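The data block below is query00.tsv; it holds TSV, C-alpha atoms.
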chain	number	residue	atom	x	y	z
A	19	MET	CA	159.27	19.62	-134.02
A	20	LEU	CA	158.32	20.28	-130.40
A	21	ALA	CA	159.28	23.64	-128.93
A	22	TYR	CA	162.49	23.89	-126.85
A	23	GLY	CA	164.09	20.77	-128.34
A	24	GLY	CA	165.94	19.79	-131.49
A	25	GLY	CA	168.19	22.85	-131.58
A	26	ARG	CA	171.30	22.82	-133.75
A	27	LEU	CA	173.66	23.80	-130.94
A	28	ASP	CA	176.71	21.55	-130.53
A	29	ARG	CA	177.06	21.37	-126.73
A	30	ALA	CA	180.79	20.53	-127.04
A	31	GLY	CA	180.94	18.70	-123.73
A	32	ALA	CA	184.68	17.99	-124.05
A	33	LEU	CA	185.46	21.72	-123.82
A	34	ARG	CA	183.73	22.15	-120.46
A	35	THR	CA	186.82	20.99	-118.59
A	36	ASP	CA	189.12	23.43	-120.40
A	37	PRO	CA	188.72	26.80	-118.62
A	38	THR	CA	191.61	28.35	-120.54
A	39	ARG	CA	189.92	27.66	-123.87
A	40	LEU	CA	186.53	28.83	-122.57
A	41	ASN	CA	188.00	32.12	-121.34
A	42	ALA	CA	189.66	32.63	-124.71
A	43	LEU	CA	186.34	31.99	-126.48
A	44	LEU	CA	184.64	34.61	-124.30
A	45	ASP	CA	187.08	37.21	-125.62
A	46	GLU	CA	186.60	36.37	-129.29
A	47	PRO	CA	184.75	39.11	-131.22
A	48	GLY	CA	182.27	36.75	-132.82
A	49	THR	CA	181.21	34.98	-129.63
A	50	VAL	CA	177.51	35.27	-128.72
A	51	VAL	CA	176.56	36.02	-125.10
A	52	LEU	CA	172.88	35.81	-124.15
A	53	PRO	CA	171.84	37.79	-121.06
A	54	LEU	CA	168.99	36.61	-118.82
A	55	TRP	CA	167.43	38.07	-115.71
A	56	ARG	CA	165.61	35.89	-113.16
A	57	ASP	CA	164.57	33.31	-115.77
A	58	ARG	CA	163.52	35.97	-118.26
A	59	CYS	CA	165.09	36.84	-121.62
A	60	LEU	CA	166.36	40.35	-122.13
A	61	VAL	CA	165.04	41.56	-125.48
A	62	ASP	CA	165.10	44.53	-127.81
A	63	GLY	CA	162.93	45.23	-130.83
A	64	ASP	CA	164.51	42.38	-132.80
A	65	GLY	CA	164.17	39.69	-130.14
A	66	PRO	CA	166.62	38.30	-127.54
A	67	VAL	CA	169.69	40.47	-127.09
A	68	ARG	CA	173.01	39.05	-128.33
A	69	LEU	CA	175.80	40.96	-126.64
A	70	THR	CA	178.84	42.35	-128.45
A	71	ALA	CA	182.25	41.44	-127.05
A	72	GLU	CA	182.72	44.88	-125.42
A	73	ARG	CA	179.32	44.95	-123.76
A	74	ALA	CA	179.60	41.27	-122.82
A	75	ALA	CA	182.78	41.98	-120.83
A	76	LEU	CA	180.95	44.70	-118.88
A	77	VAL	CA	177.92	42.47	-118.28
A	78	ARG	CA	180.05	39.53	-117.13
A	79	SER	CA	181.56	41.70	-114.42
A	80	ALA	CA	178.09	41.99	-112.88
A	81	ALA	CA	176.87	38.51	-113.75
A	82	GLY	CA	176.06	35.90	-111.14
A	83	GLU	CA	177.10	33.12	-113.51
A	84	THR	CA	178.47	32.80	-117.01
A	85	VAL	CA	177.80	29.41	-118.59
A	86	PHE	CA	179.00	27.81	-121.80
A	87	LEU	CA	176.14	26.52	-123.96
A	88	GLY	CA	178.06	25.26	-126.99
A	89	PHE	CA	178.70	26.16	-130.61
A	90	ASP	CA	176.32	27.40	-133.27
A	91	GLY	CA	178.43	26.38	-136.25
A	92	ASP	CA	181.81	27.98	-135.49
A	93	VAL	CA	180.38	30.55	-133.08
A	94	ALA	CA	180.66	29.96	-129.34
A	95	VAL	CA	177.49	30.67	-127.35
A	96	PHE	CA	177.39	31.61	-123.65
A	97	ALA	CA	174.69	32.85	-121.29
A	98	VAL	CA	175.05	35.28	-118.38
A	99	ASP	CA	172.76	35.74	-115.40
A	100	LEU	CA	172.02	39.30	-114.25
A	101	SER	CA	169.60	38.25	-111.52
A	102	ALA	CA	171.71	39.93	-108.81
A	103	LEU	CA	170.60	43.31	-110.22
A	104	ASP	CA	167.18	44.88	-110.12
A	105	GLU	CA	165.28	44.58	-113.36
A	106	ARG	CA	165.82	48.06	-114.78
A	107	PRO	CA	169.62	48.11	-114.22
A	108	ALA	CA	169.87	44.62	-115.73
A	109	VAL	CA	167.88	45.67	-118.79
A	110	GLU	CA	169.96	48.81	-119.27
A	111	MET	CA	173.29	47.06	-118.78
A	112	ALA	CA	172.40	44.53	-121.48
A	113	GLY	CA	171.25	47.27	-123.86
A	114	ALA	CA	167.80	45.70	-123.89
A	115	ALA	CA	164.31	47.19	-123.89
A	116	LYS	CA	162.65	44.84	-121.39
A	117	SER	CA	162.59	41.34	-119.93
A	118	VAL	CA	160.21	38.71	-121.30
A	119	ASP	CA	159.34	35.12	-120.36
A	120	VAL	CA	160.85	32.62	-122.79
A	121	ARG	CA	157.43	31.06	-123.41
A	122	ALA	CA	156.04	34.40	-124.57
A	123	LEU	CA	158.64	34.49	-127.35
A	124	VAL	CA	157.91	31.13	-128.96
A	125	GLY	CA	155.83	32.64	-131.75
A	126	ARG	CA	158.67	35.05	-132.61
A	127	LEU	CA	161.61	32.63	-132.45
A	128	ASP	CA	162.57	29.78	-134.72
A	129	ALA	CA	163.01	26.32	-133.20
A	130	ASP	CA	166.75	26.79	-132.66
A	131	GLY	CA	166.29	30.17	-131.00
A	132	ALA	CA	163.63	28.87	-128.61
A	133	ALA	CA	165.74	25.82	-127.76
A	134	VAL	CA	168.85	27.79	-126.84
A	135	GLN	CA	166.91	30.33	-124.76
A	136	ALA	CA	165.18	27.56	-122.81
A	137	TYR	CA	168.51	25.75	-122.32
A	138	ALA	CA	170.09	28.93	-120.94
A	139	ARG	CA	167.11	29.60	-118.69
A	140	GLY	CA	167.16	26.12	-117.18
A	141	LEU	CA	170.90	26.06	-116.55
A	142	LEU	CA	171.03	29.51	-114.96
A	143	HIS	CA	167.99	28.74	-112.80
A	144	TRP	CA	169.76	25.66	-111.46
A	145	HIS	CA	172.82	27.71	-110.47
A	146	ARG	CA	170.71	30.10	-108.43
A	147	GLN	CA	169.06	27.20	-106.62
A	148	GLN	CA	172.23	25.16	-105.99
A	149	ARG	CA	174.57	27.61	-104.31
A	150	PHE	CA	175.19	25.27	-101.37
A	151	CYS	CA	175.78	21.56	-100.94
A	152	GLY	CA	172.66	19.70	-99.88
A	153	VAL	CA	174.72	17.21	-97.82
A	154	CYS	CA	177.04	19.35	-95.68
A	155	GLY	CA	175.79	22.88	-96.37
A	156	ALA	CA	179.11	24.26	-97.59
A	157	PRO	CA	179.16	26.69	-100.53
A	158	ALA	CA	179.32	25.09	-103.97
A	159	VAL	CA	181.45	26.61	-106.72
A	160	THR	CA	180.94	26.53	-110.47
A	161	GLY	CA	182.99	24.40	-112.83
A	162	GLY	CA	182.70	22.51	-116.08
A	163	GLY	CA	181.72	25.59	-118.05
A	164	GLY	CA	178.70	25.98	-115.81
A	165	HIS	CA	177.53	22.36	-115.98
A	166	VAL	CA	178.70	21.23	-112.55
A	167	ARG	CA	179.11	22.71	-109.09
A	168	THR	CA	181.54	21.35	-106.52
A	169	CYS	CA	181.04	21.40	-102.76
A	170	THR	CA	183.88	23.24	-101.00
A	171	GLY	CA	183.47	21.30	-97.76
A	172	ALA	CA	186.84	19.87	-96.71
A	173	GLU	CA	185.42	16.41	-95.99
A	174	CYS	CA	182.73	16.41	-98.67
A	175	GLY	CA	183.64	17.73	-102.13
A	176	ARG	CA	180.48	16.34	-103.67
A	177	LEU	CA	179.90	17.02	-107.36
A	178	LEU	CA	176.49	18.57	-108.04
A	179	PHE	CA	174.89	18.33	-111.47
A	180	PRO	CA	171.77	19.96	-112.93
A	181	ARG	CA	168.69	17.97	-111.99
A	182	ILE	CA	165.95	16.97	-114.40
A	183	GLU	CA	162.41	16.40	-113.13
A	184	PRO	CA	160.59	13.96	-115.45
A	185	ALA	CA	156.83	14.15	-115.78
A	186	ILE	CA	154.37	12.10	-117.82
A	187	ILE	CA	151.55	13.62	-119.85
A	188	VAL	CA	148.87	11.32	-121.21
A	189	LEU	CA	146.12	11.27	-123.77
A	190	VAL	CA	143.65	8.66	-122.48
A	191	GLU	CA	141.21	7.11	-124.94
A	192	ALA	CA	137.84	5.58	-124.06
A	193	PRO	CA	137.62	1.77	-124.14
A	194	GLY	CA	135.08	1.61	-126.97
A	195	PRO	CA	133.27	3.60	-129.67
A	196	PRO	CA	132.62	6.35	-130.33
A	197	GLY	CA	136.23	7.58	-130.19
A	198	ARG	CA	136.70	9.81	-127.16
A	199	CYS	CA	139.61	11.21	-125.16
A	200	LEU	CA	139.66	12.23	-121.51
A	201	LEU	CA	140.35	15.86	-120.64
A	202	ALA	CA	140.27	17.40	-117.20
A	203	ARG	CA	139.96	20.79	-115.56
A	204	HIS	CA	142.70	21.34	-113.00
A	205	VAL	CA	142.45	23.27	-109.76
A	206	GLY	CA	143.00	26.93	-110.52
A	207	ALA	CA	142.12	26.57	-114.20
A	208	ALA	CA	139.55	28.81	-115.82
A	209	GLU	CA	136.00	27.57	-116.33
A	210	ASP	CA	135.84	25.21	-119.31
A	211	ALA	CA	139.65	25.06	-119.55
A	212	PHE	CA	140.30	21.38	-120.15
A	213	SER	CA	143.63	19.68	-120.81
A	214	THR	CA	145.30	16.29	-120.82
A	215	LEU	CA	146.31	14.62	-117.56
A	216	ALA	CA	149.87	14.75	-116.28
A	217	GLY	CA	152.01	14.16	-113.22
A	218	PHE	CA	155.56	13.81	-111.95
A	219	VAL	CA	157.42	10.51	-111.93
A	220	GLU	CA	158.18	9.30	-108.39
A	221	VAL	CA	161.25	7.51	-107.03
A	222	GLY	CA	161.24	3.83	-107.91
A	223	GLU	CA	158.81	4.19	-110.83
A	224	SER	CA	159.18	3.55	-114.51
A	225	LEU	CA	157.53	6.06	-116.81
A	226	GLU	CA	154.76	3.56	-117.55
A	227	ASP	CA	154.24	2.96	-113.81
A	228	ALA	CA	153.80	6.71	-113.36
A	229	VAL	CA	151.17	6.81	-116.11
A	230	ARG	CA	149.12	4.09	-114.46
A	231	ARG	CA	149.44	5.56	-110.95
A	232	GLU	CA	148.64	9.14	-111.93
A	233	MET	CA	145.56	8.16	-113.94
A	234	ALA	CA	144.29	6.08	-111.01
A	235	GLU	CA	145.01	8.76	-108.40
A	236	GLU	CA	143.71	11.79	-110.26
A	237	ALA	CA	140.84	10.41	-112.34
A	238	GLY	CA	140.07	7.06	-110.75
A	239	ILE	CA	140.67	5.13	-113.97
A	240	THR	CA	142.69	2.04	-114.83
A	241	VAL	CA	144.57	2.23	-118.12
A	242	THR	CA	146.16	-0.30	-120.45
A	243	ASP	CA	148.11	-0.14	-123.71
A	244	VAL	CA	150.43	2.56	-122.39
A	245	THR	CA	152.36	3.70	-125.46
A	246	TYR	CA	155.20	6.21	-125.70
A	247	GLN	CA	154.53	9.14	-128.07
A	248	GLY	CA	157.50	11.47	-127.64
A	249	SER	CA	159.29	13.75	-125.18
A	250	GLN	CA	159.88	17.45	-124.78
A	251	ALA	CA	162.45	19.56	-122.99
A	252	TRP	CA	160.55	21.74	-120.51
A	253	PRO	CA	163.11	23.73	-118.49
A	254	PHE	CA	160.49	25.70	-116.54
A	255	PRO	CA	162.40	25.24	-114.36
A	256	ALA	CA	163.75	21.70	-114.88
A	257	GLY	CA	161.15	19.48	-116.47
A	258	LEU	CA	161.24	16.76	-119.09
A	259	MET	CA	157.74	16.04	-120.41
A	260	VAL	CA	157.23	12.47	-121.64
A	261	GLY	CA	154.09	11.95	-123.69
A	262	PHE	CA	152.01	8.77	-123.74
A	263	ARG	CA	148.75	7.46	-125.07
A	264	ALA	CA	146.74	4.93	-123.03
A	265	THR	CA	143.33	3.26	-123.09
A	266	ALA	CA	140.94	3.27	-120.13
A	267	THR	CA	139.32	0.00	-119.09
A	268	SER	CA	136.06	1.77	-118.17
A	269	ASP	CA	134.13	4.95	-118.99
A	270	GLU	CA	133.68	5.73	-115.31
A	271	VAL	CA	135.72	8.68	-114.04
A	272	ARG	CA	136.19	9.77	-110.41
A	273	VAL	CA	138.31	12.88	-109.99
A	274	ASP	CA	140.33	13.35	-106.82
A	275	GLY	CA	138.98	16.86	-106.10
A	276	GLU	CA	142.48	17.97	-105.11
A	277	GLU	CA	144.33	18.28	-108.39
A	278	LEU	CA	141.36	17.82	-110.73
A	279	LEU	CA	137.97	19.49	-110.38
A	280	GLU	CA	136.27	17.60	-113.20
A	281	ALA	CA	137.05	15.30	-116.10
A	282	ARG	CA	135.00	14.58	-119.22
A	283	TRP	CA	135.15	12.47	-122.35
A	284	PHE	CA	135.41	14.48	-125.57
A	285	THR	CA	134.70	13.23	-129.08
A	286	ARG	CA	136.64	14.45	-132.09
A	287	ALA	CA	133.58	16.51	-133.04
A	288	ASP	CA	133.71	18.13	-129.58
A	289	LEU	CA	137.35	19.11	-130.10
A	290	ARG	CA	136.64	20.52	-133.57
A	291	ASP	CA	133.85	22.62	-132.06
A	292	ARG	CA	136.28	23.97	-129.46
A	293	LEU	CA	138.76	24.90	-132.16
A	294	ALA	CA	136.02	26.56	-134.21
A	295	SER	CA	135.05	28.67	-131.19
A	296	GLY	CA	138.59	30.03	-130.89
A	297	ARG	CA	139.90	27.79	-128.13
A	298	THR	CA	143.28	26.09	-128.40
A	299	LEU	CA	143.94	22.43	-127.68
A	300	GLY	CA	146.73	22.54	-125.11
A	301	ARG	CA	149.53	25.10	-124.96
A	302	VAL	CA	150.77	25.80	-128.47
A	303	ASP	CA	154.38	25.29	-127.31
A	304	ALA	CA	153.72	22.11	-125.31
A	305	ILE	CA	153.58	18.41	-126.09
A	306	ASP	CA	149.89	18.12	-125.09
A	307	HIS	CA	149.09	20.29	-128.12
A	308	ARG	CA	150.66	17.65	-130.37
A	309	LEU	CA	149.04	14.74	-128.51
A	310	LEU	CA	145.61	16.27	-128.98
A	311	HIS	CA	146.07	17.25	-132.60
A	312	ASP	CA	147.49	13.83	-133.48
A	313	TRP	CA	144.45	12.19	-131.92
A	314	LEU	CA	142.10	14.63	-133.61
A	315	SER	CA	143.58	13.77	-137.01
A	316	GLY	CA	143.19	10.06	-136.32
A	317	ASN	CA	146.91	9.33	-135.94
Can you present the structure in this file as structure tokens?
Amino acid sequence: MLAYGGGRLDRAGALRTDPTRLNALLDEPGTVVLPLWRDRCLVDGDGPVRLTAERAALVRSAAGETVFLGFDGDVAVFAVDLSALDERPAVEMAGAAKSVDVRALVGRLDADGAAVQAYARGLLHWHRQQRFCGVCGAPAVTGGGGHVRTCTGAECGRLLFPRIEPAIIVLVEAPGPPGRCLLARHVGAAEDAFSTLAGFVEVGESLEDAVRREMAEEAGITVTDVTYQGSQAWPFPAGLMVGFRATATSDEVRVDGEELLEARWFTRADLRDRLASGRTLGRVDAIDHRLLHDWLSGN
């Protein structure tokens, strides 16, 4: 199971257009309200804060947005954004100890907990970035339980939905033996910090087209046998990571010098040596970690 996906939450899309029911759910004693502040979780000693009904009512009065996430079993789950406050007042209002990045909590949360926190983070981030219509400039108001905004322009009225930014991430294999994969060091990365290659999908491209273009642009390689491996929600702030494996037609690599500083072929023995020295293969919460470990195990 990849982090941030596969959660058990029932998103209950049909309820989003029923504000009366959503307001009633907010007042139910068992309802869970998750507070966030500027893309960060508000936590206490036990993990992310889950507000009681009384405190939730107080927090909602100061919240920039309150969004409906769905149901965990029979329990309604909402998220509130306290980004309009400074950090300390937001932390205190939520009865929290501090604010923490969602990605720093992955080791402490189960898969469902990480998924719902990332979902809340991505949706609330979108609201802060989409306060006005991009066509006419009029203010946009929230609806649909927080899953749509509507332009208030008299001659516009455009419906605005959360945007997803797809990106491909690729494990490239060498064309012949011995088995090798291509890893690169990106601009700004630490010395000897190598990872798989990735890039955003452009307008008018299929995912496979993006794989071929990005590998050619960044590493100067042509790839074949582009094969889908899996996808991962990555709402930091709005990504969807789509993993592939591909085979290079040549060993020759020419990095662009703009996004990549260097790229090298690594054998499985090389990767095992890196693990033995205490390095990780990719982010432990990211799909490149799985791509690399699958390859390392021969899958």
Give me the residues within 12 Å of segment 37-46 of chain A as a PyMOL selection string, counting all atoms listed in the file and dropping any in the same chain fewer than 4 places off. chain A and resi 30-33+50-52+69-78+84-89+92-98+160-164
Within-9 Å shell of (137.0, 4.0, -123.6) in input frame, all atoms listed in the file, as a list in words: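 Those residues lying close to the given coordinates are Val190, Glu191, Ala192, Pro193, Gly194, Pro195, Pro196, Gly197, Arg198, Cys199, Leu200, Thr265, Ala266, Thr267, Ser268, Asp269 and Trp283 of chain A.
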Quick one: everything within 9 Å of Arg230 of chain A, counting all atoms listed in the file, minus sequence neighbours fewer than 5 positions away in the same chain. Send it as a count of residues only. 8
Near Ala202 of chain A, within 6 Å and counting all atoms listed in the file, which residues show up once chain neighbours fewer than 2 positions away are dropped, as an mmCIF file with C-alpha atoms, in the frame of the given file?
data_model
loop_
_atom_site.group_PDB
_atom_site.id
_atom_site.type_symbol
_atom_site.label_atom_id
_atom_site.label_comp_id
_atom_site.auth_asym_id
_atom_site.auth_seq_id
_atom_site.Cartn_x
_atom_site.Cartn_y
_atom_site.Cartn_z
ATOM 1 C CA PHE A 212 140.300 21.380 -120.150
ATOM 2 C CA SER A 213 143.630 19.680 -120.810
ATOM 3 C CA GLU A 280 136.270 17.600 -113.200
ATOM 4 C CA ALA A 281 137.050 15.300 -116.100
#
Using all atoms listed in the file, can you tell me which of A:Leu299, A:Ala138, A:Met111, A:Ala216 comes closest to Asp57 of chain A?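 Result for the nearest residue to Asp57 of chain A: A:Ala138.
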Residues near Gly152 of chain A, anyone? I mean within 12 Å using all atoms listed in the file, not counting same-chain ones fewer than 3 positions away, as a list of chain:residue names.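 Skipping anything fewer than 3 positions along the chain leaves A:Gln147, A:Gln148, A:Arg149, A:Gly155, A:Ala156, A:Pro157, A:Ala158, A:Arg167, A:Thr168, A:Cys169, A:Thr170, A:Gly171, A:Cys174, A:Gly175, A:Arg176, A:Leu177, A:Leu178, A:Phe179.
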To one decimal place in Å, what is the distance between atom CA of Gly48 of chain A and atom CA of Ser101 of chain A? 24.8 Å
Mind working out the centre and edge lengths of an axis-aligned box for segment 35-46 of chain A, all listed atoms inside, 8 Å added to each side, rounded to one decimal in Å and written as AutoDock Vina command-line options?
--center_x 188.1 --center_y 29.1 --center_z -123.9 --size_x 23.0 --size_y 32.2 --size_z 26.7
Counting all atoms listed in the file, which residue out of A:Pro253, A:Pro180, A:Gly275, A:Gly82 sits closest to Val120 of chain A?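 Of all the options, A:Pro253 lies closest to Val120 of chain A.
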Selected residue of minimal separation from Ile186 of chain A among A:Met233, A:Ala133, A:Ala114, A:Leu60, counting all atoms listed in the file: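 Looking only at the distances to Ile186 of chain A, the closest residue turns out to be A:Met233.
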Write out as a PyMOL selection string which residues come within 9 Å of Ala102 of chain A when counting only C-alpha atoms, dropping same-chain ones fewer than 6 positions away. chain A and resi 55-56+80-82+108
Would you work out the distance separating atom CA of Glu277 of chain A from atom CA of Arg297 of chain A, expressed in Å to one decimal?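 Atom-to-atom, atom CA of Glu277 of chain A and atom CA of Arg297 of chain A are spaced 22.4 Å apart.
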Kindly indicate which residue among A:Arg106, A:Arg203, A:His143, A:Arg308 lies nearest to Arg181 of chain A, using only C-alpha atoms for the distances. A:His143
Record the distance separating atom CA of Arg282 of chain A and atom CA of Val219 of chain A, expressed in Å with one decimal. 23.9 Å
Choose the residue, out of A:Ala208, A:Ala237, A:Gly248, A:Arg301, that has the smallest atom-to-atom separation from Val271 of chain A; count all atoms listed in the file.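 The shortest atom-to-atom distance to Val271 of chain A comes from A:Ala237.
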Shortest interatomic distance to Asp90 of chain A - which of A:Leu27, A:Ala136, A:Val67, A:Ala129, counting all atoms listed in the file: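 Nearest to Asp90 of chain A: A:Leu27.
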